[in-house]
Amino acid sequence: MSTFIPTVRETFRYKGKEGQLAWIGHRLGGLGTLIFFIIHVVDTSWVYFWPQGYHHAIVLYRSWPFQIGELLLVLLVIYHGLNGLRITLMDWKPTLWRYQRQMTLGTFGLTVLFYIPAFIIMGSHALKNLLGIELF
Amino acid sequence: MDIRLRIRRFNPEVDQESYWAEYDLKDVQPVDRVLDLLEHVKGHIDGTLGLRRSCGHGICGSDAMRINGQNMLACKVLVRNLVQGDKGTIQVEPMLGLPVIKDLIVDMEPFFEHYRAVVPYFINDDPAPERERLQRPAERERFDEGTKCILCAACTTSCPSFWADRTYIGPAAIVQAHRFIFDGRDTAGDSRLAILASEKGVWRCRTIFNCTMACPREIPVTQLIAEVKKAIGKQKP
Ligand code: SF4
Ligand code: FES
């Protein structure tokens, strides 16, 4: 906590460019994935330890907040992965810094591109689960 | 031009918290520097304003501050770079991550402590040759960027990793270390790499590029940091 609060506070106070935005997204993506994994490990363990709880959790996952949360999570995971590759590439070839703006914007673009099919597939499932509408 | 200059002020002897002070300045020229505006305030409106400056020409590195949210040297940024049209607002605040002493003056000691930690001076205990230690132009070129650093702290205080952990050695110290690590005449490169490979060293860098964007000397700071990372990676265990 002692580092979390100043980091968030100063992030709001400094007007960084796309690099800072990319980093914020990366952190949110990492955090989102971590929370998802924790929830996932805990609820899967319930199959063994607490079967009613597991069924309850499965019902809960079909609710609005979770369905939308999952859609968001996939976006974050795709971004986190692609942005991680970009950073690896830039650390490996330091002179690429000249293209850092283009590469960062490119990562945002690729994320959207990769997200479209996931959004359509998962979104149609969500629609079916929540509203009973079948698209395909 | 009419400029409203908003300055984040704080006097530890009087104020509990910092606050915005506003000064409306008339007849500002587009080619005036932010430093000119600050000096106008200090000279003609409120002499208690605290700021650091020395050379006034981007050489000494003493007037780095946060101008419209980004680190810059007040003596290098012109009003026309910040405000288009004939009126506007300019915000000036102290740099982040270092304790504020008064108004725009921050305590640079923690910054210089990190600087000293990388042994930022030439080391070679071999007997000196009769004349100078020769170097080819390409060898000199290898560490040229780092020699331009004026230790203004704009990079280090723009770095989210430094905001998170003030013990992170920071971009400026790495730039300084780079200058000697890649100087073929220096012999202490390995000990500098060992310092930078530590927990508080280069691996805290997340390749965010705030430092590169902030550097008033246009040093490709992130590139130099990545080169040090690679040099550490190539070291034999
Ligand atoms: S690297 Fe640039 S921003 Fe950092 S201290 Fe040196 S001159 Fe200032
Ligand atoms: S006053 Fe010396 S760098 Fe600005």
# chains A, B, ... in the order shown; residues from 1 in each chain; ligands from 1

call {"tool": "interface_residues", "arguments": {"of": "chain B", "to": "chain A", "cutoff": "8 Å", "atoms": "only C-alpha atoms", "output": "list in words"}}
result
Asn68, Gly69, Gln70, Leu96, Ser158, Pro160, Ser161, Trp163, Ala164, Asp165, Arg206, Thr207, Ile208, Phe209, Asn210, Pro220, Thr222, Gln223, Leu224, Ala226, Glu227, Lys229 and Lys230 of chain B

call {"tool": "residues_near_ligand", "arguments": {"ligand": "ligand 2", "cutoff": "6 Å", "atoms": "only C-alpha atoms and all ligand atoms", "output": "number ranges by chain"}}
result
B: 53-63, 73, 75

call {"tool": "closest_residue", "arguments": {"among": "B:Lys200, B:Lys236, B:Lys148, B:Arg133", "to": "ligand 1", "atoms": "only C-alpha atoms and all ligand atoms"}}
result
B:Lys148

call {"tool": "residues_near_ligand", "arguments": {"ligand": "ligand 1", "cutoff": "7 Å", "atoms": "only C-alpha atoms and all ligand atoms", "output": "list of chain:residue names"}}
result
B:Gly61, B:Lys148, B:Cys149, B:Ile150, B:Leu151, B:Cys152, B:Ala153, B:Ala154, B:Cys155, B:Thr156, B:Pro171, B:Ala172, B:Val175, B:Cys211, B:Ala214, B:Cys215, B:Pro216, B:Arg217, B:Glu218, B:Ile219, B:Val221

call {"tool": "closest_residue", "arguments": {"among": "A:Gly123, A:Gly84, A:Pro51, A:Gly30", "to": "Ile68 in chain A", "atoms": "only C-alpha atoms"}}
result
A:Gly123

call {"tool": "residues_around", "arguments": {"residues": "Leu51 in chain B", "least_positions_apart": "4", "cutoff": "8 Å", "atoms": "only C-alpha atoms", "output": "MDAnalysis selection string"}}
result
chainID B and resid 63 102:105

call {"tool": "write_last_selection", "arguments": {"atoms": "C-alpha atoms", "output": "PDB file, in the first residue's frame"}}
result
ATOM      1  CA  ASP B  63      14.878  24.838 -13.153  1.00  0.00           C
ATOM      2  CA  LYS B 102       9.209  25.622  -0.838  1.00  0.00           C
ATOM      3  CA  ASP B 103       6.973  26.436  -3.810  1.00  0.00           C
ATOM      4  CA  LEU B 104       8.810  25.121  -6.890  1.00  0.00           C
ATOM      5  CA  ILE B 105      11.967  24.089  -5.056  1.00  0.00           C
TER       6      ILE B 105
END

call {"tool": "residues_around", "arguments": {"residues": "range 107-114 of chain B", "least_positions_apart": "6", "cutoff": "7 Å", "atoms": "only C-alpha atoms", "output": "compact mmCIF listing (two decimals) with C-alpha atoms, in the first residue's frame"}}
result
# COMPACT_ATOMS: atom_id res chain seq x y z
CA LEU B 98 11.06 14.61 -4.31
CA PRO B 99 10.13 16.46 -1.10
CA VAL B 100 9.03 20.05 -1.70
CA ILE B 101 11.14 22.55 0.23
CA ILE B 169 18.00 4.41 -8.70
CA ALA B 173 21.66 7.70 -12.53

call {"tool": "residues_around", "arguments": {"residues": "Leu31 in chain A", "least_positions_apart": "5", "cutoff": "12 Å", "atoms": "only C-alpha atoms", "output": "compact mmCIF listing (two decimals) with N, CA, C and O atoms, in the first residue's frame"}}
result
# COMPACT_ATOMS: atom_id res chain seq x y z
N ILE A 24 -0.49 2.13 -17.76
CA ILE A 24 -1.68 2.02 -16.90
C ILE A 24 -2.52 0.82 -17.35
O ILE A 24 -2.95 0.00 -16.54
N GLY A 25 -2.73 0.72 -18.67
CA GLY A 25 -3.50 -0.39 -19.21
C GLY A 25 -2.87 -1.73 -18.86
O GLY A 25 -3.55 -2.70 -18.53
N HIS A 26 -1.54 -1.76 -18.95
CA HIS A 26 -0.82 -3.00 -18.66
C HIS A 26 -1.03 -3.43 -17.21
O HIS A 26 -1.26 -4.60 -16.92
N PHE A 36 -8.95 -12.52 -11.61
CA PHE A 36 -9.71 -13.58 -12.27
C PHE A 36 -9.15 -14.96 -11.90
O PHE A 36 -9.88 -15.88 -11.56
N PHE A 37 -7.83 -15.07 -11.94
CA PHE A 37 -7.20 -16.36 -11.62
C PHE A 37 -7.50 -16.78 -10.19
O PHE A 37 -7.79 -17.95 -9.93
N ILE A 38 -7.43 -15.83 -9.28
CA ILE A 38 -7.69 -16.17 -7.87
C ILE A 38 -9.13 -16.69 -7.73
O ILE A 38 -9.36 -17.76 -7.16
N LEU A 73 -12.50 -8.57 -19.25
CA LEU A 73 -11.30 -9.32 -18.88
C LEU A 73 -10.55 -9.80 -20.12
O LEU A 73 -9.33 -9.69 -20.20
N LEU A 76 -8.61 -7.08 -21.57
CA LEU A 76 -7.41 -6.79 -20.78
C LEU A 76 -6.33 -7.83 -21.01
O LEU A 76 -5.14 -7.51 -21.11
N VAL A 77 -6.74 -9.09 -21.09
CA VAL A 77 -5.75 -10.16 -21.27
C VAL A 77 -5.06 -10.03 -22.63
O VAL A 77 -3.84 -10.11 -22.74
N HIS A 80 -2.75 -7.06 -22.43
CA HIS A 80 -1.60 -7.33 -21.56
C HIS A 80 -0.57 -8.19 -22.31
O HIS A 80 0.64 -7.92 -22.24

call {"tool": "closest_residue", "arguments": {"among": "B:Met65, B:Phe180, B:Ser198, B:Ala188", "to": "Thr167 in chain B", "atoms": "only C-alpha atoms"}}
result
B:Ser198

call {"tool": "closest_residue", "arguments": {"among": "A:Met103, A:Ile121, A:Ile39, A:Ile133", "to": "Phe66 in chain A", "atoms": "only C-alpha atoms"}}
result
A:Ile39

call {"tool": "residues_around", "arguments": {"residues": "Ser63 in chain A", "least_positions_apart": "6", "cutoff": "9 Å", "atoms": "only C-alpha atoms", "output": "PDB file with all heavy atoms, in the first residue's frame"}}
result
ATOM      1  N   ALA A 126     -23.321 -14.246 -24.107  1.00  0.00           N
ATOM      2  CA  ALA A 126     -23.880 -13.437 -23.018  1.00  0.00           C
ATOM      3  C   ALA A 126     -25.329 -13.078 -23.323  1.00  0.00           C
ATOM      4  O   ALA A 126     -26.200 -13.175 -22.457  1.00  0.00           O
ATOM      5  CB  ALA A 126     -23.037 -12.180 -22.811  1.00  0.00           C
ATOM      6  N   ASN A 129     -27.458 -16.115 -22.716  1.00  0.00           N
ATOM      7  CA  ASN A 129     -27.606 -16.401 -21.280  1.00  0.00           C
ATOM      8  C   ASN A 129     -28.500 -15.405 -20.563  1.00  0.00           C
ATOM      9  O   ASN A 129     -29.302 -15.761 -19.718  1.00  0.00           O
ATOM     10  CB  ASN A 129     -26.240 -16.390 -20.580  1.00  0.00           C
ATOM     11  CG  ASN A 129     -25.410 -17.582 -20.987  1.00  0.00           C
ATOM     12  OD1 ASN A 129     -25.969 -18.577 -21.430  1.00  0.00           O
ATOM     13  ND2 ASN A 129     -24.098 -17.470 -20.860  1.00  0.00           N
ATOM     14  N   LEU A 130     -28.325 -14.141 -20.943  1.00  0.00           N
ATOM     15  CA  LEU A 130     -29.009 -13.094 -20.168  1.00  0.00           C
ATOM     16  C   LEU A 130     -30.403 -12.785 -20.701  1.00  0.00           C
ATOM     17  O   LEU A 130     -31.322 -12.587 -19.917  1.00  0.00           O
ATOM     18  CB  LEU A 130     -28.168 -11.816 -20.164  1.00  0.00           C
ATOM     19  CG  LEU A 130     -26.809 -11.934 -19.467  1.00  0.00           C
ATOM     20  CD1 LEU A 130     -25.957 -10.715 -19.785  1.00  0.00           C
ATOM     21  CD2 LEU A 130     -26.990 -12.052 -17.963  1.00  0.00           C
TER      22      LEU A 130
END

call {"tool": "select_by_dssp", "arguments": {"residues": "range 19-154 of chain B", "states": "strand (DSSP E)", "output": "VMD selection string"}}
result
chain B and resid 19 to 25 64 to 67 70 to 73 87 to 93 100 to 102 105 to 106

call {"tool": "decode", "arguments": {"residues": "range 14-27 of chain A", "atoms": "all heavy atoms", "output": "compact mmCIF listing (two decimals), in the first residue's frame"}}
result
# COMPACT_ATOMS: atom_id res chain seq x y z
N TYR A 14 0.65 13.59 -13.29
CA TYR A 14 1.61 13.75 -14.38
C TYR A 14 0.94 13.48 -15.71
O TYR A 14 0.28 12.46 -15.87
CB TYR A 14 2.81 12.82 -14.20
CG TYR A 14 3.96 13.24 -15.08
CD1 TYR A 14 4.83 14.24 -14.67
CD2 TYR A 14 4.15 12.68 -16.33
CE1 TYR A 14 5.86 14.67 -15.48
CE2 TYR A 14 5.17 13.11 -17.16
CZ TYR A 14 6.03 14.09 -16.72
OH TYR A 14 7.04 14.53 -17.53
N LYS A 15 1.15 14.39 -16.65
CA LYS A 15 0.49 14.23 -17.93
C LYS A 15 1.42 13.52 -18.91
O LYS A 15 1.98 14.13 -19.81
CB LYS A 15 0.10 15.60 -18.48
CG LYS A 15 -1.37 15.67 -18.84
CD LYS A 15 -1.78 17.06 -19.23
CE LYS A 15 -1.72 17.28 -20.71
NZ LYS A 15 -1.61 18.63 -21.15
N GLY A 16 1.60 12.22 -18.67
CA GLY A 16 2.46 11.45 -19.57
C GLY A 16 1.75 11.22 -20.89
O GLY A 16 0.55 11.45 -21.01
N LYS A 17 2.50 10.77 -21.87
CA LYS A 17 1.89 10.54 -23.19
C LYS A 17 1.44 9.09 -23.31
O LYS A 17 1.19 8.42 -22.32
CB LYS A 17 2.90 10.92 -24.27
CG LYS A 17 3.35 12.37 -24.15
CD LYS A 17 3.32 13.06 -25.51
CE LYS A 17 3.41 14.56 -25.35
NZ LYS A 17 4.77 15.07 -25.30
N GLU A 18 1.39 8.59 -24.56
CA GLU A 18 0.84 7.24 -24.79
C GLU A 18 1.57 6.17 -24.00
O GLU A 18 0.97 5.16 -23.62
CB GLU A 18 0.79 6.90 -26.29
CG GLU A 18 2.08 7.06 -27.07
CD GLU A 18 2.47 8.50 -27.31
OE1 GLU A 18 1.58 9.35 -27.50
OE2 GLU A 18 3.68 8.79 -27.28
N GLY A 19 2.88 6.39 -23.71
CA GLY A 19 3.63 5.40 -22.94
C GLY A 19 3.05 5.20 -21.55
O GLY A 19 2.94 4.07 -21.06
N GLN A 20 2.68 6.31 -20.94
CA GLN A 20 2.10 6.22 -19.59
C GLN A 20 0.73 5.53 -19.64
O GLN A 20 0.40 4.70 -18.80
CB GLN A 20 1.97 7.62 -18.98
CG GLN A 20 1.45 7.60 -17.55
CD GLN A 20 1.59 8.95 -16.84
OE1 GLN A 20 2.55 9.67 -17.02
NE2 GLN A 20 0.61 9.30 -16.04
N LEU A 21 -0.03 5.85 -20.69
CA LEU A 21 -1.35 5.23 -20.86
C LEU A 21 -1.19 3.72 -21.06
O LEU A 21 -1.92 2.91 -20.46
CB LEU A 21 -1.99 5.85 -22.11
CG LEU A 21 -3.49 5.76 -22.22
CD1 LEU A 21 -4.14 6.55 -21.09
CD2 LEU A 21 -3.95 6.28 -23.57
N ALA A 22 -0.20 3.35 -21.88
CA ALA A 22 0.05 1.93 -22.14
C ALA A 22 0.39 1.21 -20.84
O ALA A 22 -0.05 0.08 -20.60
CB ALA A 22 1.20 1.78 -23.14
N TRP A 23 1.17 1.88 -20.01
CA TRP A 23 1.58 1.26 -18.75
C TRP A 23 0.38 1.10 -17.80
O TRP A 23 0.23 0.05 -17.17
CB TRP A 23 2.68 2.13 -18.12
CG TRP A 23 2.97 1.82 -16.70
CD1 TRP A 23 3.67 0.74 -16.23
CD2 TRP A 23 2.57 2.57 -15.55
NE1 TRP A 23 3.72 0.79 -14.86
CE2 TRP A 23 3.07 1.90 -14.42
CE3 TRP A 23 1.85 3.75 -15.37
CZ2 TRP A 23 2.87 2.37 -13.13
CZ3 TRP A 23 1.66 4.22 -14.10
CH2 TRP A 23 2.16 3.54 -13.00
N ILE A 24 -0.49 2.13 -17.76
CA ILE A 24 -1.68 2.02 -16.90
C ILE A 24 -2.52 0.82 -17.35
O ILE A 24 -2.95 0.00 -16.54
CB ILE A 24 -2.52 3.32 -16.95
CG1 ILE A 24 -1.73 4.49 -16.37
CG2 ILE A 24 -3.84 3.16 -16.19
CD1 ILE A 24 -2.39 5.85 -16.59
N GLY A 25 -2.73 0.72 -18.67
CA GLY A 25 -3.50 -0.39 -19.21
C GLY A 25 -2.87 -1.73 -18.86
O GLY A 25 -3.55 -2.70 -18.53
N HIS A 26 -1.54 -1.76 -18.95
CA HIS A 26 -0.82 -3.00 -18.66
C HIS A 26 -1.03 -3.43 -17.21
O HIS A 26 -1.26 -4.60 -16.92
CB HIS A 26 0.66 -2.79 -18.94
CG HIS A 26 1.42 -4.05 -19.11
ND1 HIS A 26 1.39 -4.78 -20.27
CD2 HIS A 26 2.21 -4.75 -18.26
CE1 HIS A 26 2.13 -5.87 -20.14
NE2 HIS A 26 2.65 -5.86 -18.92
N ARG A 27 -0.97 -2.43 -16.33
CA ARG A 27 -1.16 -2.72 -14.91
C ARG A 27 -2.59 -3.20 -14.63
O ARG A 27 -2.81 -4.18 -13.92
CB ARG A 27 -0.87 -1.47 -14.07
CG ARG A 27 0.59 -1.24 -13.84
CD ARG A 27 1.12 -2.29 -12.89
NE ARG A 27 2.49 -2.05 -12.53
CZ ARG A 27 3.54 -2.61 -13.13
NH1 ARG A 27 3.35 -3.46 -14.11
NH2 ARG A 27 4.76 -2.34 -12.73
